[in-house]
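Notes for the one structure printed next.
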Amino acid sequence: MRKILSLICSVAVASGISAQVTNSETSLVDYVNPLMGSDSKVDLSTGNTYPAIGLPWAMNMWTPQTGRDGDGWQYTYTADKIRGFKQTHQPSPWMNDYGVFSLMPVTGKAVFDENERASWFSHKTEISKPYYYSVYLADQDVTTEIAPTLRAAMFRFTFPKTDSAFVVIDAFQRHSFVKIIPEKNEIIGYSTFYARGPLKNFKNYFVIKFDKPFKSIGTWSNKDLNRGSLSADDKHVGAIVNFDSKYRGEQVVAKVASSFISAEQAELNLKELGNDNFETVEQKGKDIWNKTLGSVKVDGGTIDQMRTFYSCLYRMLFFPNRLYEVNAEGKIVHYSPYDGQVHDGYMFGGTGFWDTFRALYPFLNLMYPSVVKEMQEGLVNDYKEGGWLPEWSSPGYADIMVGNNSASIVSEAYMKGLRGYDINTLYEALLHDANNEGPMSAVGRKGVRYYNTLGYVPYDVGINENAARTLEYAYDDFAIYQLAKVLHRPQAEIDLYAKRCLNYKNLFDPSHNLMRGKNKDGSWSANFNPFKWGDAFTEGNSWHYSWSVFHDMQGLIDLMGGKKTFVNMLDSIFKMPPTFDDSYYGGVIHEIREMQIMNMGQYAHGNQPIQHMLYLYNYAGEPWKSQYWIREAMNKLYKATPDGYCGDEDNGQTSAWYVFSALGFYSVCPAVPQYVLGAPLFKKVTLNLENGKTFTISAPANSDANRYVKSATLNGKSYDKNFINHFDILKGGTFQLQMSDVPNKQKGISPEDYPYSFSTDKNK
């Protein structure tokens with residue numbers, strides 16, 4: 001039985017005021033709703049998530065599967081039937097999955113086809129926790145439960161009284177193999193399925209051990225059932241095993257593990273379960289989640305805010321996935337998706353830097369730096385084994401999105417104090433990728449010869465999303481410049497990237513005060529429409545992308561003619577109707593629709609390019625406007641419900657925006673160790689840092705009305721700046737905020753209070 005949360009509320013519900021949760025001693029993981037964002041479809045995303053049952057940064061997760069085999073929409077909240085319980089590594093439905101297989105209990109007759117075995121279910125009988133999942137399958141009269149570890153899981157099937165209790169193993173299509181070993185109550189096999197590749201020598205080996213003997217066995221290949229068969233090797237195969245269930249409520253337990261390395265390694269990974277029973281595995285998972293989520297404790301919000309906060313934090317802590325394993329000698333090893341071999345060392349996969357450089361990695365660097373260190377070591381191995389850094393690891397090189405944002409991932413970690421890994425090889429990788437086109441358009445820099453000579457990627461040379469590429473390359477060059485300085489690289493090299501980071505200026509059109517595609521001859525692209533999605537930009541329009549000068553807002557302010565115009569342009573985003581031109585796509589893509597229906601004008605929070613924009617008033621001396629709009633976005637666009645996001649969640653990025661914003665600050669420019677201030681959502685936030693220090697953000701008068709910062713002190717000293725330094729947080733201390741229902745228009749208005757801009761950096 002799941003325990004009901006015991007919450008002590010400081011304000012009675014009967015008073016008409018939202019109840020404030022003041023007891024932070026409750027189990028934090030029980031605030032999490034893994035179904036947040038799962039009510040999505042192709043033409044409208046409310047998160048595009050699924051209930052991921054797993055541990056933080058696990059090698060795999062598990063999910064009930066409502067979609068057909070191979071469908072990226074593997075679980076949708078509106079579905080009626082479950083087809084199986086699937087091991088997944090999926091970062092998003094658009095990227096789909098790799099190395100998948102599933103288990104499904106069946107009763108009555110030995111059916112294995114995914115449609116025939118599917119069973120009706122209800123959310124009323126579904127329990128979804130990060131560390132535990134349970135559902136009643138009505139057609140089978142079976143309850144399935146799952147409890148995970150990093151690379152393994154325990155299943156428990158509760159059957160009715162029947163002599164026809166089956167478990168079906170589906171090793172998916174492309175090419176798969178299964179073998180039944182009756183004397184061990186065991187099934188082994190592998191899946192080679194992947195949606196994006198090619199992946200060399202790729203297999204996900206699995207082992208499944210049952211606690212009861214098989215009454216009968218069989219395998220199936222494609223559409224044919226082979227009763228009594230011990231093995232199958234074909235395009236799409238599986239196994240089906242039969243048990244005697246002598247009484248209603250009899251349980252069959254299956255221990256499952258997998259490996260990208262070998263069948264023997266899968267057996268080793270099974271040892272993560274040890275001799276634990278189901279309840280012990282479940283409890284250990286719960287404890288791990290509470291410890292990991294407990295790095296951030298929030299207090300003094302409503303129950304809905306607590307649920308939304310921890311549901312977002314949960315979603316952030318899966319990606320990137322561990323790809324590494326521990327061999328029989330206790331060494332860290334990994335299968336390489338780049339050369340198909342097994343190597344020593346760390347590796348991670350399943351993340352797109354175009355999304356996650358903005359907020360996910362900054363949050364991991366702040367709160368979980370030891371894990372990021374492993375990730376940086378993994379990037380070294382990516383480069384050594386593949387010759388390039390991945391921009392979208394799935395788990396190898398995926399040809400999707402734009403930019404060279406691995407530069408931000410590498411630079412930020414070092415700029416924020418991480419050490420103890422091969423930074424020189426990573427810097428070599430940054431230089432290599434910044435000056436070469438890769439084996440596909442999303443690796444290295446597409447259009448680099450134009451960018452390095454003209455200072456931009458031209459509109460008329462057949463390279464799509466050229467303005468977006470230019471703007472992101474300029475920021476990536478700033479990230480390289482930052483790292484070059486601290487590594488004491490040659491001055492000429494430092495100067496080169498300092499020059500290139502200003503290339504954003506080449507696309508600024510003063511007649512519109514916006515960024516615009518430019519032709520090779522220096523003329524502007526014809527028929528410019530600032531509301532046109534795509535074309536020169538990526539999943540957005542000029543109004544969304546023109547703010548992508550993360551490292552030099554003062555430079556952008558100067559181009560626009562000063563702070564007044566800059567602020568007016570920011571204000572205009574909310575005043576304009578949600579007009580759009582979808583002609584580039586030939587129809588309304590879901591990102592457009594998600595902007596249109598949110599009633600925030602041209603503000604398209606459901607996609608990543610504009611998410612930092614709400615913080616930009618801080619660079620022009622009007623921080624109170626940031627405080628207002630950030631609270632509006634948190635209130636309107638997030639809720640811990642199946643339709644709880646306003647667009648694609650995308651590997652933790654959109655969740656990270658909420659979590660950072662609820663703390664009261666955000667990393668606008670990740671390659672600078674600063675956070676731009678907003679205002680916290682909660683009355684109290686406690687950051688339990690890995691170095692043993694504690695940083696507390698206290699805003700006792702905080703409320704929805706009192707969303708403005710009247711005054712602030714940092715460790716007892718008056719603090720008027722619109723940013724806070726990363727290393728000041730790491731020192732520990734207290735950030736005390738006096739909140740008000742009216743803005744303080746005298747705070748944060750001096751240029752020395754503004755966050756970092758390259759143009760005003762006296763040390764550049």
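Every chain in the structure tokens has a letter given in the order shown (A, B, ...), and although residue numbers restart at 1 in each chain, ligands are simply numbered from 1 in the order shown.
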Contacts of range 718-721 of chain A at 9 Å or less, counting only C-alpha atoms, minus same-chain residues fewer than 4 places along, as a PyMOL selection string?
chain A and resi 677+711-714+735+747-750+752-755
DSSP on the backbone, strand (DSSP E or B) only: what residues of range 159-397 of chain A does that give? Format it as a PyMOL selection string.
chain A and resi 159+162-170+176-181+186-191+194+204-210+216-221+224-227+231-234+237-245+250-259+296-299+301-302+321-322+324-326+332-335+342-344+348-349+351-352+392-393+397
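Here the question is which of A:Ala656, A:Leu614, A:Ala620, A:Leu313 gets nearest to Thr565 in chain A using only C-alpha atoms, and that residue is A:Ala620.
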Pick the closest to Lys717 in chain A from A:His590, A:Val486, A:Ala232, A:Leu737: which is it, counting only C-alpha atoms?
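For Lys717 in chain A, the nearest of the candidates is A:Leu737.
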Top pick for closest residue to Gly294 in chain A, considering A:Val685, A:Val402, A:Ile729, A:Ile423 and counting only C-alpha atoms
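That would be A:Val685, the residue with the smallest distance to Gly294 in chain A.
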What lies within 10 Å of Val298 in chain A using only C-alpha atoms, ignoring chain neighbours under 5 positions off, as number ranges by chain?
A: 21-24, 28, 305-306, 309-310, 662-663, 681-687, 696-697
Please report as CSV every residue of range 500-619 of chain A lying within 12 Å of range 440-450 of chain A, along with the nearest atom pair and their distance in Å (one decimal), using only C-alpha atoms.
```
residue,atom,partner,partner_atom,distance
A:Arg500,CA,A:Val448,CA,11.8
A:Asn503,CA,A:Tyr450,CA,11.7
A:Lys518,CA,A:Tyr450,CA,11.7
A:Asn519,CA,A:Tyr450,CA,10.8
A:Lys520,CA,A:Tyr450,CA,8.3
A:Asp521,CA,A:Tyr450,CA,11.3
A:Gly522,CA,A:Tyr450,CA,11.9
```
Would you output that residue set with N, CA, C and O atoms, as a CSV table (one decimal), in the first residue's frame?
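Writing the result to again-v1.csv gives the following:
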```csv
chain,number,residue,atom,x,y,z
A,500,ARG,N,35.1,36.4,-33.5
A,500,ARG,CA,34.0,35.7,-34.1
A,500,ARG,C,32.7,35.7,-33.2
A,500,ARG,O,31.6,35.6,-33.7
A,503,ASN,N,30.0,37.9,-34.4
A,503,ASN,CA,29.4,37.7,-35.7
A,503,ASN,C,27.9,37.9,-35.7
A,503,ASN,O,27.3,38.1,-36.8
A,518,LYS,N,20.9,36.8,-44.4
A,518,LYS,CA,21.6,37.7,-45.3
A,518,LYS,C,22.2,36.9,-46.4
A,518,LYS,O,22.7,35.8,-46.2
A,519,ASN,N,22.2,37.4,-47.6
A,519,ASN,CA,22.7,36.7,-48.8
A,519,ASN,C,24.3,36.7,-48.8
A,519,ASN,O,24.9,37.6,-48.1
A,520,LYS,N,24.8,35.9,-49.7
A,520,LYS,CA,26.3,35.8,-49.8
A,520,LYS,C,26.9,37.1,-50.2
A,520,LYS,O,28.0,37.5,-49.7
A,521,ASP,N,26.2,37.9,-51.0
A,521,ASP,CA,26.8,39.2,-51.5
A,521,ASP,C,26.6,40.3,-50.5
A,521,ASP,O,26.9,41.5,-50.7
A,522,GLY,N,26.0,40.0,-49.3
A,522,GLY,CA,25.8,41.0,-48.3
A,522,GLY,C,24.5,41.7,-48.3
A,522,GLY,O,24.2,42.5,-47.4
```
Residues near Thr694 in chain A, cut-off 9 Å, only C-alpha atoms, skip fewer than 3 positions along chain, as a PDB file with N, CA, C and O atoms, in the first residue's frame:
```
ATOM      1  N   THR A 686      16.269  25.676  -0.068  1.00  0.00           N
ATOM      2  CA  THR A 686      17.550  25.256   0.498  1.00  0.00           C
ATOM      3  C   THR A 686      18.286  24.412  -0.526  1.00  0.00           C
ATOM      4  O   THR A 686      17.786  23.360  -0.944  1.00  0.00           O
ATOM      5  N   LEU A 687      19.460  24.886  -0.947  1.00  0.00           N
ATOM      6  CA  LEU A 687      20.312  24.140  -1.867  1.00  0.00           C
ATOM      7  C   LEU A 687      21.365  23.410  -1.044  1.00  0.00           C
ATOM      8  O   LEU A 687      22.209  24.042  -0.395  1.00  0.00           O
ATOM      9  N   ASN A 688      21.283  22.100  -1.042  1.00  0.00           N
ATOM     10  CA  ASN A 688      22.271  21.278  -0.343  1.00  0.00           C
ATOM     11  C   ASN A 688      23.357  20.894  -1.338  1.00  0.00           C
ATOM     12  O   ASN A 688      23.212  19.941  -2.104  1.00  0.00           O
ATOM     13  N   LEU A 689      24.436  21.654  -1.330  1.00  0.00           N
ATOM     14  CA  LEU A 689      25.468  21.548  -2.359  1.00  0.00           C
ATOM     15  C   LEU A 689      26.371  20.347  -2.117  1.00  0.00           C
ATOM     16  O   LEU A 689      26.554  19.899  -0.984  1.00  0.00           O
ATOM     17  N   ASN A 691      29.483  20.168  -2.137  1.00  0.00           N
ATOM     18  CA  ASN A 691      30.676  20.469  -1.340  1.00  0.00           C
ATOM     19  C   ASN A 691      30.383  20.528   0.162  1.00  0.00           C
ATOM     20  O   ASN A 691      31.260  20.878   0.964  1.00  0.00           O
ATOM     21  N   ILE A 729      27.336  31.279  -4.613  1.00  0.00           N
ATOM     22  CA  ILE A 729      26.394  30.244  -4.174  1.00  0.00           C
ATOM     23  C   ILE A 729      27.155  29.061  -3.592  1.00  0.00           C
ATOM     24  O   ILE A 729      26.798  28.515  -2.541  1.00  0.00           O
ATOM     25  N   LEU A 730      28.245  28.657  -4.268  1.00  0.00           N
ATOM     26  CA  LEU A 730      29.010  27.498  -3.809  1.00  0.00           C
ATOM     27  C   LEU A 730      29.646  27.730  -2.437  1.00  0.00           C
ATOM     28  O   LEU A 730      29.924  26.762  -1.720  1.00  0.00           O
ATOM     29  N   LYS A 731      29.863  28.974  -2.058  1.00  0.00           N
ATOM     30  CA  LYS A 731      30.411  29.269  -0.736  1.00  0.00           C
ATOM     31  C   LYS A 731      29.392  29.014   0.370  1.00  0.00           C
ATOM     32  O   LYS A 731      29.753  28.940   1.548  1.00  0.00           O
ATOM     33  N   GLY A 732      28.123  28.887  -0.018  1.00  0.00           N
ATOM     34  CA  GLY A 732      27.074  28.751   0.983  1.00  0.00           C
ATOM     35  C   GLY A 732      26.674  30.104   1.530  1.00  0.00           C
ATOM     36  O   GLY A 732      27.330  31.118   1.296  1.00  0.00           O
ATOM     37  N   GLY A 733      25.569  30.143   2.231  1.00  0.00           N
ATOM     38  CA  GLY A 733      25.127  31.401   2.820  1.00  0.00           C
ATOM     39  C   GLY A 733      23.630  31.576   2.673  1.00  0.00           C
ATOM     40  O   GLY A 733      22.887  30.623   2.412  1.00  0.00           O
ATOM     41  N   THR A 734      23.182  32.817   2.831  1.00  0.00           N
ATOM     42  CA  THR A 734      21.759  33.133   2.807  1.00  0.00           C
ATOM     43  C   THR A 734      21.502  34.326   1.901  1.00  0.00           C
ATOM     44  O   THR A 734      22.175  35.354   2.004  1.00  0.00           O
TER      45      THR A 734
END
```
Provide the CA of Ser164 in chain A to CA of Val253 in chain A distance in Å, to one decimal place.
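Computing it gives 16.4 Å between the two atoms.
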Wanna dump the range 310-429 of chain A-range 146-155 of chain A contacts at 12 Å for me, each residue with its shortest atom pair and the distance in Å to one decimal, counting only C-alpha atoms, ordered by chain and number, as JSON lines?
```
{"residue": "A:Phe318", "atom": "CA", "partner": "A:Leu150", "partner_atom": "CA", "distance": 10.7}
{"residue": "A:Asn321", "atom": "CA", "partner": "A:Leu150", "partner_atom": "CA", "distance": 9.8}
{"residue": "A:Arg322", "atom": "CA", "partner": "A:Leu150", "partner_atom": "CA", "distance": 8.6}
{"residue": "A:Leu323", "atom": "CA", "partner": "A:Arg151", "partner_atom": "CA", "distance": 9.7}
{"residue": "A:Tyr324", "atom": "CA", "partner": "A:Arg151", "partner_atom": "CA", "distance": 9.9}
{"residue": "A:Glu325", "atom": "CA", "partner": "A:Arg151", "partner_atom": "CA", "distance": 8.4}
{"residue": "A:Val326", "atom": "CA", "partner": "A:Arg151", "partner_atom": "CA", "distance": 10.4}
```
Can you list, as a ChimeraX atom specification, all residues belonging to range 535-736 of chain A that DSSP tags as helix (DSSP H, G or I)?
/A:542-545,553-560,563-575,590-596,608-610,613-620,623-637,653-663,726-730
Exercise: Leu379 in chain A partners within 10 Å, only C-alpha atoms, chain neighbours under 3 positions left out, as a PyMOL selection string
chain A and resi 346-349+373-376+382-385+388-390+406+409-410+422+425-426+429
